[in-house]
file upload02.cif (mmCIF, C-alpha atoms)
data_target
loop_
_atom_site.label_atom_id
_atom_site.label_comp_id
_atom_site.auth_asym_id
_atom_site.auth_seq_id
_atom_site.Cartn_x
_atom_site.Cartn_y
_atom_site.Cartn_z
CA MET A 668 -25.35 -5.40 18.36
CA LYS A 669 -22.95 -6.94 20.85
CA LYS A 670 -19.74 -8.44 19.52
CA ASN A 671 -19.47 -12.23 19.67
CA LEU A 672 -16.52 -14.39 20.71
CA LEU A 673 -15.17 -14.59 17.13
CA GLU A 674 -15.14 -10.81 16.74
CA TRP A 675 -13.46 -10.30 20.11
CA SER A 676 -10.88 -12.94 19.17
CA VAL A 677 -10.12 -11.23 15.85
CA PHE A 678 -9.84 -7.90 17.65
CA ALA A 679 -7.55 -9.36 20.33
CA ALA A 680 -5.31 -10.99 17.70
CA SER A 681 -5.24 -7.78 15.66
CA ILE A 682 -4.36 -5.55 18.61
CA LEU A 683 -1.61 -7.95 19.70
CA LEU A 684 -0.23 -8.06 16.16
CA LEU A 685 -0.35 -4.28 15.84
CA LEU A 686 1.22 -3.64 19.24
CA GLY A 687 3.93 -6.17 18.44
CA LEU A 688 4.67 -4.51 15.11
CA ILE A 689 4.60 -1.01 16.58
CA GLY A 690 6.99 -2.14 19.33
CA TYR A 691 9.27 -3.80 16.77
CA LEU A 692 9.30 -0.71 14.54
CA ALA A 693 9.85 1.59 17.53
CA VAL A 694 12.91 -0.42 18.61
CA LYS A 695 14.18 -0.45 15.02
CA SER A 696 13.59 3.31 14.75
CA VAL A 697 15.73 3.99 17.82
CA SER A 698 18.60 1.85 16.56
CA TYR A 699 18.24 2.87 12.90
CA LYS A 700 21.25 4.43 11.22
CA ASP A 701 21.07 5.32 7.55
CA THR A 702 24.39 3.66 6.77
CA PRO A 703 25.47 3.07 3.15
CA PRO A 704 25.44 -0.44 1.66
CA ASP A 705 28.01 -2.70 3.31
CA LEU A 706 28.38 -5.78 1.14
CA ARG A 707 29.96 -9.04 2.29
CA VAL A 708 30.50 -11.93 -0.08
CA SER A 709 31.20 -15.54 0.76
CA ILE A 710 31.95 -18.26 -1.75
CA ALA A 711 31.70 -22.04 -1.52
CA ALA A 712 32.22 -24.88 -3.95
CA SER A 713 29.06 -26.31 -5.41
CA THR A 714 28.30 -29.28 -7.61
CA ASP A 715 25.94 -30.26 -10.38
CA SER A 716 25.23 -33.52 -12.18
CA LEU A 717 27.76 -32.70 -14.94
CA GLN A 718 30.57 -32.12 -12.42
CA ARG A 719 31.28 -28.59 -13.68
CA ASN A 720 33.47 -26.15 -11.81
CA ILE A 721 30.70 -24.28 -10.01
CA TYR A 722 30.75 -22.04 -6.97
CA LYS A 723 27.95 -20.55 -4.96
CA LEU A 724 28.16 -16.86 -4.02
CA GLU A 725 26.30 -15.53 -1.01
CA LEU A 726 25.92 -11.78 -0.69
CA VAL A 727 24.83 -10.09 2.54
CA ASN A 728 24.28 -6.36 2.92
CA LYS A 729 25.13 -5.21 6.47
CA GLY A 730 24.32 -1.55 5.73
CA ALA A 731 20.93 0.11 6.09
CA GLN A 732 20.65 1.21 2.47
CA THR A 733 19.83 -1.12 -0.37
CA ALA A 734 22.43 -1.67 -3.10
CA GLU A 735 21.40 -2.27 -6.68
CA ASN A 736 23.10 -3.72 -9.76
CA ILE A 737 25.97 -5.25 -7.84
CA THR A 738 28.69 -6.70 -10.03
CA ILE A 739 31.09 -9.16 -8.44
CA GLU A 740 34.23 -10.40 -10.11
CA VAL A 741 35.67 -13.80 -9.19
CA THR A 742 39.18 -14.77 -10.28
CA LEU A 743 40.31 -18.40 -10.40
CA GLU A 744 44.00 -18.90 -9.60
CA GLU A 745 46.19 -21.95 -9.87
CA ASN A 746 49.68 -21.95 -8.35
CA GLY A 747 49.45 -18.18 -7.82
CA GLU A 748 48.59 -17.47 -11.47
CA GLU A 749 45.32 -16.22 -12.84
CA VAL A 750 43.55 -18.89 -14.88
CA GLU A 751 40.12 -17.41 -15.51
CA LYS A 752 37.81 -14.56 -14.53
CA THR A 753 34.04 -14.47 -14.31
CA GLU A 754 31.37 -12.10 -13.04
CA ALA A 755 28.13 -12.43 -11.09
CA LEU A 756 25.35 -9.85 -11.12
CA PHE A 757 22.92 -9.21 -8.29
CA PRO A 758 19.98 -6.92 -9.19
CA GLN A 759 19.29 -6.01 -5.54
CA ALA A 760 20.85 -6.48 -2.13
CA PRO A 761 18.40 -5.30 0.53
CA THR A 762 19.65 -4.73 4.05
CA GLN A 763 20.31 -7.77 6.26
CA SER A 764 19.28 -10.21 3.60
CA LEU A 765 20.95 -13.02 1.79
CA GLU A 766 21.16 -13.10 -1.99
CA GLU A 767 22.53 -16.09 -3.86
CA ALA A 768 24.17 -16.56 -7.27
CA TRP A 769 26.24 -19.25 -8.92
CA ILE A 770 29.29 -18.83 -11.14
CA THR A 771 30.92 -21.36 -13.41
CA PHE A 772 34.47 -21.66 -14.79
CA ARG A 773 35.50 -23.37 -17.99
CA ALA A 774 38.64 -24.72 -16.31
CA GLN A 775 38.21 -28.04 -14.57
CA ARG A 776 38.36 -28.18 -10.81
CA VAL A 777 41.71 -29.38 -9.58
CA PRO A 778 43.27 -29.40 -6.11
CA GLY A 779 45.12 -26.23 -5.15
CA GLN A 780 42.84 -23.82 -7.01
CA LYS A 781 42.16 -20.52 -5.23
CA LEU A 782 39.50 -17.89 -5.70
CA LYS A 783 39.69 -14.13 -5.34
CA VAL A 784 36.45 -12.17 -4.97
CA HIS A 785 36.12 -8.47 -5.74
CA ILE A 786 33.04 -6.27 -5.74
CA LEU A 787 33.36 -4.24 -8.93
CA GLY A 788 30.57 -1.80 -8.17
CA TYR A 789 26.93 -1.09 -7.30
CA ASN A 790 24.52 1.77 -7.11
CA ARG A 791 21.78 2.94 -4.79
CA PRO A 792 18.24 2.65 -6.14
CA MET B 127 -28.04 -6.31 24.00
CA GLN B 128 -28.25 -9.25 21.56
CA GLN B 129 -25.03 -10.91 20.46
CA LYS B 130 -24.25 -10.97 16.75
CA PRO B 131 -24.41 -14.49 15.18
CA ILE B 132 -20.99 -15.91 14.30
CA ALA B 133 -22.22 -16.72 10.78
CA ASP B 134 -22.88 -13.00 10.18
CA SER B 135 -19.43 -12.10 11.46
CA LEU B 136 -17.83 -14.68 9.16
CA GLN B 137 -19.75 -13.26 6.20
CA GLU B 138 -18.60 -9.77 7.10
CA TYR B 139 -14.97 -10.86 7.41
CA GLY B 140 -15.34 -12.69 4.09
CA ARG B 141 -16.49 -9.48 2.43
CA GLY B 142 -13.56 -7.65 3.99
CA VAL B 143 -11.08 -10.24 2.73
CA ILE B 144 -12.51 -10.18 -0.80
CA GLY B 145 -12.62 -6.37 -0.79
CA GLY B 146 -9.03 -6.25 0.42
CA LEU B 147 -7.96 -8.53 -2.41
CA ILE B 148 -9.97 -6.80 -5.14
CA PHE B 149 -8.59 -3.41 -4.28
CA SER B 150 -5.02 -4.37 -3.46
CA LEU B 151 -4.03 -7.30 -5.69
CA PRO B 152 -2.46 -4.91 -8.23
CA VAL B 153 -0.24 -3.58 -5.43
CA LEU B 154 0.66 -7.09 -4.27
CA PHE B 155 1.69 -7.94 -7.84
CA THR B 156 3.85 -4.82 -8.38
CA MET B 157 7.56 -5.39 -7.95
CA GLU B 158 8.31 -1.72 -7.35
CA VAL B 159 6.23 -2.00 -4.16
CA TRP B 160 8.30 -4.98 -2.99
CA TRP B 161 11.45 -3.00 -3.72
CA SER B 162 10.20 0.12 -2.01
CA SER B 163 9.95 -1.92 1.20
CA TYR B 164 13.74 -2.45 0.97
CA ARG B 165 14.37 1.28 1.05
CA THR B 166 11.93 2.37 3.70
CA SER B 167 12.85 3.29 7.27
CA PRO B 168 11.12 2.00 10.43
CA LEU B 169 10.04 5.53 11.34
CA LEU B 170 8.35 6.01 7.96
CA LEU B 171 6.53 2.71 8.39
CA LEU B 172 5.36 3.71 11.87
CA LEU B 173 4.08 6.99 10.48
CA ASN B 174 2.24 5.17 7.73
CA VAL B 175 0.66 2.68 10.10
CA ALA B 176 -0.61 5.66 12.12
CA LEU B 177 -1.89 7.49 9.01
CA THR B 178 -3.60 4.36 7.69
CA TYR B 179 -5.29 3.82 11.05
CA ALA B 180 -6.47 7.43 10.99
CA LEU B 181 -7.84 6.92 7.47
CA LEU B 182 -9.64 3.75 8.54
CA LEU B 183 -11.14 5.61 11.50
CA GLY B 184 -12.35 8.34 9.15
CA TYR B 185 -13.73 5.92 6.58
CA ASN B 186 -15.50 3.79 9.19
CA ALA B 187 -16.92 6.87 10.87
CA TYR B 188 -18.33 8.35 7.67
CA ALA B 189 -19.02 5.49 5.28
CA GLY B 190 -18.58 2.33 7.32
CA LEU B 191 -21.08 -0.47 7.62
CA ARG B 192 -22.47 0.73 10.92
CA GLU B 193 -22.52 4.42 10.39
CA SER B 194 -24.19 4.99 13.73
CA ALA B 195 -21.42 3.15 15.55
CA SER B 196 -19.77 4.85 18.49
CA TRP B 197 -16.14 5.96 18.26
CA LYS B 198 -15.19 2.96 20.38
CA GLU B 199 -16.77 0.57 17.87
CA VAL B 200 -15.18 2.45 14.97
CA ALA B 201 -11.78 2.20 16.69
CA ILE B 202 -12.23 -1.55 17.28
CA ASP B 203 -13.34 -2.16 13.68
CA SER B 204 -10.35 -0.20 12.39
CA VAL B 205 -7.93 -2.27 14.47
CA GLU B 206 -9.53 -5.45 13.12
CA GLU B 207 -9.24 -4.21 9.53
CA LEU B 208 -5.59 -3.31 9.99
CA GLY B 209 -4.97 -6.75 11.53
CA ILE B 210 -6.79 -8.54 8.69
CA GLY B 211 -4.87 -6.42 6.15
CA LEU B 212 -1.55 -7.43 7.71
CA VAL B 213 -2.41 -11.14 7.81
CA LEU B 214 -3.83 -11.06 4.27
CA ALA B 215 -0.77 -9.29 2.89
CA PHE B 216 1.53 -11.78 4.62
CA LEU B 217 -0.40 -14.82 3.33
CA PHE B 218 -0.54 -13.58 -0.26
CA LEU B 219 3.12 -12.56 -0.32
CA LEU B 220 3.88 -16.06 1.00
CA LEU B 221 1.62 -17.62 -1.64
CA LEU B 222 3.33 -15.64 -4.40
CA GLY B 223 6.72 -16.84 -3.21
CA LEU B 224 7.86 -13.36 -2.23
CA ILE B 225 8.53 -14.34 1.36
CA ASP B 226 11.37 -16.80 1.81
CA PHE B 227 12.35 -17.56 5.38
CA ASP B 228 15.70 -19.04 4.30
CA THR B 229 17.07 -15.95 2.60
CA MET B 230 15.07 -13.04 4.01
CA SER B 231 15.68 -11.41 7.35
CA LEU B 232 12.76 -10.85 9.74
CA GLU B 233 13.21 -7.12 9.17
CA ARG B 234 12.79 -7.44 5.42
CA ILE B 235 9.70 -9.65 5.77
CA VAL B 236 8.09 -7.28 8.27
CA TYR B 237 8.82 -4.19 6.17
CA MET B 238 7.47 -5.81 3.00
CA VAL B 239 4.28 -7.00 4.71
CA ILE B 240 3.60 -3.60 6.30
CA THR B 241 4.25 -1.74 3.03
CA GLU B 242 1.69 -3.93 1.24
CA ALA B 243 -0.76 -4.28 4.12
CA LEU B 244 -1.71 -0.62 4.36
CA THR B 245 -3.48 -0.65 1.00
CA VAL B 246 -4.97 -4.08 1.75
CA ALA B 247 -6.43 -2.73 5.02
CA ILE B 248 -8.21 0.13 3.23
CA GLY B 249 -9.55 -2.44 0.75
CA VAL B 250 -10.76 -4.62 3.65
CA SER B 251 -12.56 -1.65 5.15
CA ILE B 252 -14.23 -0.70 1.89
CA GLY B 253 -15.06 -4.32 1.07
CA THR B 254 -16.70 -4.82 4.46
CA ALA B 255 -18.84 -1.73 4.05
CA GLN B 256 -19.59 -1.81 0.33
CA LEU B 257 -19.73 -5.39 -0.88
CA GLY B 258 -22.55 -6.57 1.35
CA THR B 259 -26.22 -6.35 0.65
CA SER B 260 -27.77 -3.47 2.47
CA GLY B 261 -30.90 -5.50 3.08
CA THR B 262 -29.90 -6.72 6.53
CA GLY B 263 -31.40 -4.04 8.63
CA GLU B 264 -29.23 -5.02 11.55
CA GLU B 265 -26.01 -4.08 9.86
CA VAL B 266 -27.17 -0.82 8.45
CA GLY B 267 -29.58 0.34 10.99
CA VAL B 268 -29.05 -1.24 14.38
CA GLY B 269 -28.46 1.22 17.14
CA MET B 270 -29.17 4.30 15.08
CA GLN B 271 -29.55 7.12 17.46
CA GLU B 272 -29.21 10.12 15.24
CA ASP B 273 -32.14 11.83 13.68
CA PRO B 274 -32.32 12.25 9.92
CA GLY B 275 -31.33 15.87 10.10
CA GLN B 276 -28.12 15.01 11.84
CA LYS B 277 -27.27 12.43 9.20
CA VAL B 278 -27.77 14.80 6.32
CA LYS B 279 -25.53 17.28 8.07
CA LYS B 280 -22.92 14.62 8.77
CA GLY B 281 -23.10 13.36 5.20
CA SER B 282 -22.29 16.74 3.71
CA SER B 283 -19.48 17.86 5.96
CA THR B 284 -16.18 19.02 4.48
CA LEU B 285 -14.30 16.66 6.77
CA GLU B 286 -16.24 13.70 5.42
CA LEU B 287 -15.64 14.87 1.87
CA VAL B 288 -11.90 15.04 2.54
CA VAL B 289 -11.69 11.73 4.43
CA LEU B 290 -13.57 9.76 1.76
CA SER B 291 -11.61 11.50 -1.02
CA VAL B 292 -8.34 10.55 0.67
CA CYS B 293 -9.42 6.90 1.05
CA ALA B 294 -10.69 6.50 -2.50
CA GLY B 295 -7.87 8.58 -4.00
CA MET B 296 -5.25 6.60 -2.08
CA LEU B 297 -6.74 3.31 -3.21
CA LEU B 298 -6.28 4.24 -6.87
CA ALA B 299 -3.04 6.19 -6.50
CA SER B 300 -1.30 3.45 -4.53
CA ASN B 301 -1.63 1.11 -7.51
CA ILE B 302 0.35 3.44 -9.75
CA ALA B 303 2.55 5.57 -7.45
CA PRO B 304 5.26 2.92 -6.94
CA THR B 305 5.70 2.15 -10.64
CA ASP B 306 8.55 3.50 -12.75
CA GLU B 307 6.09 4.71 -15.36
CA VAL B 308 5.15 7.85 -13.39
CA PHE B 309 8.80 8.92 -13.28
CA VAL B 310 9.35 8.07 -16.96
CA LEU B 311 6.28 10.11 -17.97
CA ALA B 312 7.25 13.05 -15.76
CA THR B 313 10.76 13.25 -17.18
CA THR B 314 9.77 12.92 -20.84
CA ILE B 315 6.50 14.83 -21.06
CA LYS B 316 6.21 18.35 -22.50
CA PRO B 317 5.21 21.10 -20.02
CA ALA B 318 2.12 21.98 -22.08
CA LEU B 319 0.84 18.43 -21.61
CA ILE B 320 1.33 18.67 -17.85
CA LEU B 321 -0.90 21.73 -17.91
CA GLY B 322 -3.33 19.74 -20.07
CA ILE B 323 -3.37 16.88 -17.54
CA LEU B 324 -4.06 19.33 -14.72
CA LEU B 325 -6.95 20.95 -16.60
CA VAL B 326 -8.42 17.62 -17.70
CA SER B 327 -8.27 16.42 -14.07
CA LEU B 328 -10.19 19.49 -12.92
CA VAL B 329 -12.78 19.16 -15.70
CA LEU B 330 -13.26 15.45 -14.94
CA ASN B 331 -13.70 16.23 -11.25
CA GLY B 332 -16.27 18.91 -11.90
CA THR B 333 -18.12 16.73 -14.40
CA ILE B 334 -18.26 13.74 -12.06
CA LEU B 335 -19.31 15.78 -9.05
CA PHE B 336 -21.95 17.95 -10.69
CA TYR B 337 -22.97 17.17 -14.25
CA ILE B 338 -23.11 13.51 -15.30
CA GLY B 339 -25.45 12.37 -12.55
CA PHE B 340 -23.23 9.88 -10.75
CA ARG B 341 -25.12 8.15 -7.96
CA GLY B 342 -24.54 10.13 -4.81
CA ALA B 343 -23.31 13.17 -6.71
CA TYR B 344 -23.87 16.64 -5.37
CA GLU B 345 -27.38 17.93 -5.18
CA THR B 346 -28.59 21.13 -3.61
CA PRO B 347 -31.45 20.76 -1.16
CA ALA B 348 -33.92 22.19 -3.65
CA ASN B 349 -32.37 20.28 -6.61
CA GLN B 350 -31.23 23.53 -8.17
CA ARG B 351 -28.16 23.66 -10.37
CA PRO B 352 -25.08 24.38 -8.26
CA ASN B 353 -23.68 27.86 -8.44
CA LEU B 354 -20.13 28.62 -9.55
CA MET B 355 -18.86 29.01 -6.01
CA GLU B 356 -20.13 25.56 -5.01
CA VAL B 357 -18.44 24.02 -8.07
CA VAL B 358 -15.14 25.80 -7.37
CA TRP B 359 -15.28 24.89 -3.67
CA ASN B 360 -15.93 21.17 -4.23
CA VAL B 361 -13.57 20.76 -7.17
CA SER B 362 -10.81 22.58 -5.29
CA ILE B 363 -11.17 20.40 -2.21
CA THR B 364 -11.38 17.20 -4.24
CA TYR B 365 -8.42 18.02 -6.47
CA GLY B 366 -6.40 19.45 -3.59
CA THR B 367 -6.96 16.25 -1.63
CA ALA B 368 -6.02 14.13 -4.64
CA PHE B 369 -2.84 16.20 -5.14
CA CYS B 370 -1.78 15.76 -1.50
CA VAL B 371 -2.62 12.03 -1.60
CA SER B 372 -0.55 11.65 -4.79
CA ALA B 373 2.41 13.51 -3.31
CA GLY B 374 2.16 11.44 -0.12
CA ALA B 375 1.99 8.14 -2.02
CA LEU B 376 4.95 9.09 -4.24
CA TRP B 377 6.94 10.12 -1.18
CA PHE B 378 6.10 6.93 0.72
CA TYR B 379 7.20 4.74 -2.18
CA GLY B 380 10.47 6.70 -2.44
CA ARG B 381 9.74 8.18 -5.87
CA PHE B 382 10.89 11.67 -4.86
CA GLU B 383 14.38 10.53 -3.90
CA GLY B 384 16.96 12.24 -6.07
CA ALA B 385 14.32 13.96 -8.21
CA GLY B 386 14.28 17.73 -8.74
CA LEU B 387 11.37 19.92 -7.63
CA LEU B 388 9.96 20.24 -11.17
CA THR B 389 10.04 16.46 -11.68
CA CYS B 390 8.35 15.92 -8.29
CA VAL B 391 5.58 18.38 -9.19
CA GLN B 392 5.14 16.82 -12.63
CA MET B 393 4.97 13.32 -11.15
CA THR B 394 2.36 14.53 -8.65
CA VAL B 395 0.22 16.18 -11.33
CA ILE B 396 0.35 13.03 -13.47
CA LEU B 397 -0.64 10.80 -10.56
CA SER B 398 -3.32 13.28 -9.50
CA LEU B 399 -5.19 12.50 -12.71
CA VAL B 400 -5.75 9.01 -11.30
CA ALA B 401 -6.13 10.01 -7.66
CA SER B 402 -8.68 12.73 -8.45
CA LEU B 403 -10.87 10.22 -10.28
CA GLY B 404 -10.83 8.17 -7.10
CA ALA B 405 -11.37 11.23 -4.96
CA SER B 406 -14.46 12.23 -6.96
CA ALA B 407 -16.03 9.14 -8.56
CA GLY B 408 -14.66 6.63 -6.04
CA ARG B 409 -15.73 8.75 -3.13
CA LEU B 410 -19.28 8.97 -4.43
CA LEU B 411 -19.44 5.20 -4.92
CA PHE B 412 -18.07 4.49 -1.44
CA ASP B 413 -20.52 6.92 0.09
CA GLN B 414 -23.68 5.15 -1.13
CA GLU B 415 -24.68 3.98 2.32
CA ILE B 416 -25.21 7.44 3.70
CA ASP B 417 -26.80 8.54 0.51
CA GLN B 418 -29.26 5.64 0.56
CA ASP B 419 -30.15 6.39 4.12
CA VAL B 420 -30.63 10.05 3.34
CA SER B 421 -32.91 9.22 0.45
CA LYS B 422 -34.84 6.85 2.73
CA ASN B 423 -35.25 9.60 5.25
CA GLU B 424 -36.31 12.03 2.59
CA LYS B 425 -38.87 9.49 1.40
CA ASN B 426 -40.11 9.01 4.93
CA GLU B 427 -40.48 12.72 5.33
CA LYS B 428 -42.52 12.92 2.15
CA GLU B 429 -44.77 10.02 3.04
CA PRO B 430 -46.70 10.68 6.22
CA ALA B 431 -47.29 7.58 8.31
#

call {"tool": "encode", "arguments": {"input": "upload02.cif", "output": "structure tokens"}}
result
Amino acid sequence: MKKNLLEWSVFAASILLLLGLIGYLAVKSVSYKDTPPDLRVSIAASTDSLQRNIYKLELVNKGAQTAENITIEVTLEENGEEVEKTEALFPQAPTQSLEEAWITFRAQRVPGQKLKVHILGYNRP
Amino acid sequence: MQQKPIADSLQEYGRGVIGGLIFSLPVLFTMEVWWSSYRTSPLLLLLNVALTYALLLGYNAYAGLRESASWKEVAIDSVEELGIGLVLAFLFLLLLGLIDFDTMSLERIVYMVITEALTVAIGVSIGTAQLGTSGTGEEVGVGMQEDPGQKVKKGSSTLELVVLSVCAGMLLASNIAPTDEVFVLATTIKPALILGILLVSLVLNGTILFYIGFRGAYETPANQRPNLMEVVWNVSITYGTAFCVSAGALWFYGRFEGAGLLTCVQMTVILSLVASLGASAGRLLFDQEIDQDVSKNEKNEKEPA
């Protein structure tokens, strides 16, 4: 039995989708390099209704391999002296994707505070 | 040639969508599958798209809704099923909150959708062919050009046996292959039990194919009991297919990475227990269409007009 307009439309959409995906994957295959995880962290002050000393961590993995169990240490400094340390854990950091976490300090937020961020470690899945 | 009513097409697509969901929802709900999409490479995904398309071609050629369809029609149907599988996987991942445009790169979304969609597409294909009523003569019988003899021959070919075993085995294996449990079992189990699993798999295969009277199970032309060679031949092909499907599924989901040869073999044997059930029992269930037609033809031969 001859295909109707609906069936031809579904076929046309499917073939376009498939060709698009195949083209995308082919381009990605050519440029693909199996590079190890390359983690970049950015930190920004955040707020909540209780006015706690909260910061938002954003983790991006620029490498091709996924990192797992990433532990990040953040040190709060005041006038060049360490006041407090805290850690954030990220279960996964897939390539080219953004993961978010929030950390809190007991110390109140005051002007002049500085933060130091250090990636303690991670493993490959 | 008469054009198919749109209502019939919608019904057929509906069956495909429901089939895709029934057979692949466990995969869509498994976090190890989401994670495996993070580790995959574009080349591996391309290869899997190609293999899935080949499987769909095989399934549609041997057990599809329009078994008499030409290769062109089979190719078109397979493209549609792959397309529906991709869209369905995307929509359900979106619905489950697993796709987040704010935090996920396009690459990660595409890889996750493709990883999930391949199983969904096989489900769509099987749903389209198996979930409908076979009463609409148009769907089953329109355009049949082969004579009954040809169909019986086609229905019993080794290639068909392998293709349907791969489809059914993959459908079951893909639900379990990505999970951590296969690795945990393989690394903690005693070797004697691995041998036991292998033997039980073979016995189950043989029993399903020859002895418990599953619909569509093997029958010799004269309804005689199969000889030993026939049993060994069919069980070997079925189990061998299930073993390869299991190894392929484990490899695709990255379960072999970092594992030693013994662990890889043990994981494959454990998963083959599941895959071989699909390859034997599942295959027979998916192959009802041909079997029904064969029985119809046999009946026609017995009853002179």

call {"tool": "resolve_selection", "arguments": {"input": "upload02.cif", "expression": "the PyMOL selection byres ((chain A) within 12 of (chain B))", "output": "MDAnalysis selection string"}}
result
chainID A and resid 668:704 725:735 758:767 791:792

call {"tool": "resolve_selection", "arguments": {"input": "upload02.cif", "expression": "the PyMOL selection byres ((chain B and resi 314-320) around 12)", "output": "ChimeraX atom specification"}}
result
/B:307-313,321-327,388-389,391-399

call {"tool": "resolve_selection", "arguments": {"input": "upload02.cif", "expression": "the PyMOL selection byres ((chain A and resi 740) around 8)", "output": "PyMOL selection string"}}
result
chain A and resi 738-739+741-742+752-755+784-787

call {"tool": "closest_residue", "arguments": {"input": "upload02.cif", "among": "A:Pro778, A:Ile737, A:Glu748, A:Leu743", "to": "Val708 of chain A", "atoms": "only C-alpha atoms"}}
result
A:Ile737

call {"tool": "residues_around", "arguments": {"input": "upload02.cif", "residues": "Ser251 of chain B", "least_positions_apart": "2", "cutoff": "9 Å", "atoms": "only C-alpha atoms", "output": "number ranges by chain"}}
result
B: 142, 145-146, 182, 185-186, 190-191, 203-204, 207-208, 246-249, 253-256

call {"tool": "closest_residue", "arguments": {"input": "upload02.cif", "among": "B:Ile363, B:Leu354, B:Val371, B:Ile334", "to": "Gly408 of chain B", "atoms": "only C-alpha atoms"}}
result
B:Ile334

call {"tool": "closest_residue", "arguments": {"input": "upload02.cif", "among": "B:Arg351, B:Arg409, B:Lys198, B:Arg381", "to": "Leu298 of chain B", "atoms": "only C-alpha atoms"}}
result
B:Arg409

call {"tool": "residues_around", "arguments": {"input": "upload02.cif", "residues": "Glu286 of chain B", "least_positions_apart": "6", "cutoff": "9 Å", "atoms": "only C-alpha atoms", "output": "ChimeraX atom specification"}}
result
/B:184-185,187-189,280

call {"tool": "closest_residue", "arguments": {"input": "upload02.cif", "among": "A:Arg773, A:Arg707, A:Ala712, A:Gln718", "to": "Val750 of chain A", "atoms": "all atoms listed in the file"}}
result
A:Arg773

call {"tool": "atom_distance", "arguments": {"input": "upload02.cif", "atom1": "atom CA of Leu403 of chain B", "atom2": "atom CA of Phe216 of chain B"}}
result
29.3 Å

call {"tool": "atom_distance", "arguments": {"input": "upload02.cif", "atom1": "atom CA of Trp197 of chain B", "atom2": "atom CA of Met296 of chain B"}}
result
23.1 Å

call {"tool": "axis_aligned_box", "arguments": {"input": "upload02.cif", "around": "segment 385-388 of chain B", "padding_each_side": "3 Å", "output": "JSON"}}
result
{"center_x": 12.1, "center_y": 17.1, "center_z": -9.4, "size_x": 10.4, "size_y": 12.3, "size_z": 9.5}

call {"tool": "closest_residue", "arguments": {"input": "upload02.cif", "among": "A:Ile770, A:Leu706, A:Leu717, A:Leu782", "to": "Gly747 of chain A", "atoms": "all atoms listed in the file"}}
result
A:Leu782

call {"tool": "closest_residue", "arguments": {"input": "upload02.cif", "among": "B:Ala180, B:Leu376, B:Leu222, B:Ser196", "to": "Asp306 of chain B", "atoms": "only C-alpha atoms"}}
result
B:Leu376

call {"tool": "atom_distance", "arguments": {"input": "upload02.cif", "atom1": "atom CA of Leu221 of chain B", "atom2": "atom CA of Met238 of chain B"}}
result
14.0 Å

call {"tool": "residues_around", "arguments": {"input": "upload02.cif", "residues": "segment 148-152 of chain B", "least_positions_apart": "4", "cutoff": "8 Å", "atoms": "only C-alpha atoms", "output": "list of chain:residue names"}}
result
B:Ile144, B:Thr156, B:Thr245, B:Val246, B:Gly249, B:Leu297, B:Asn301
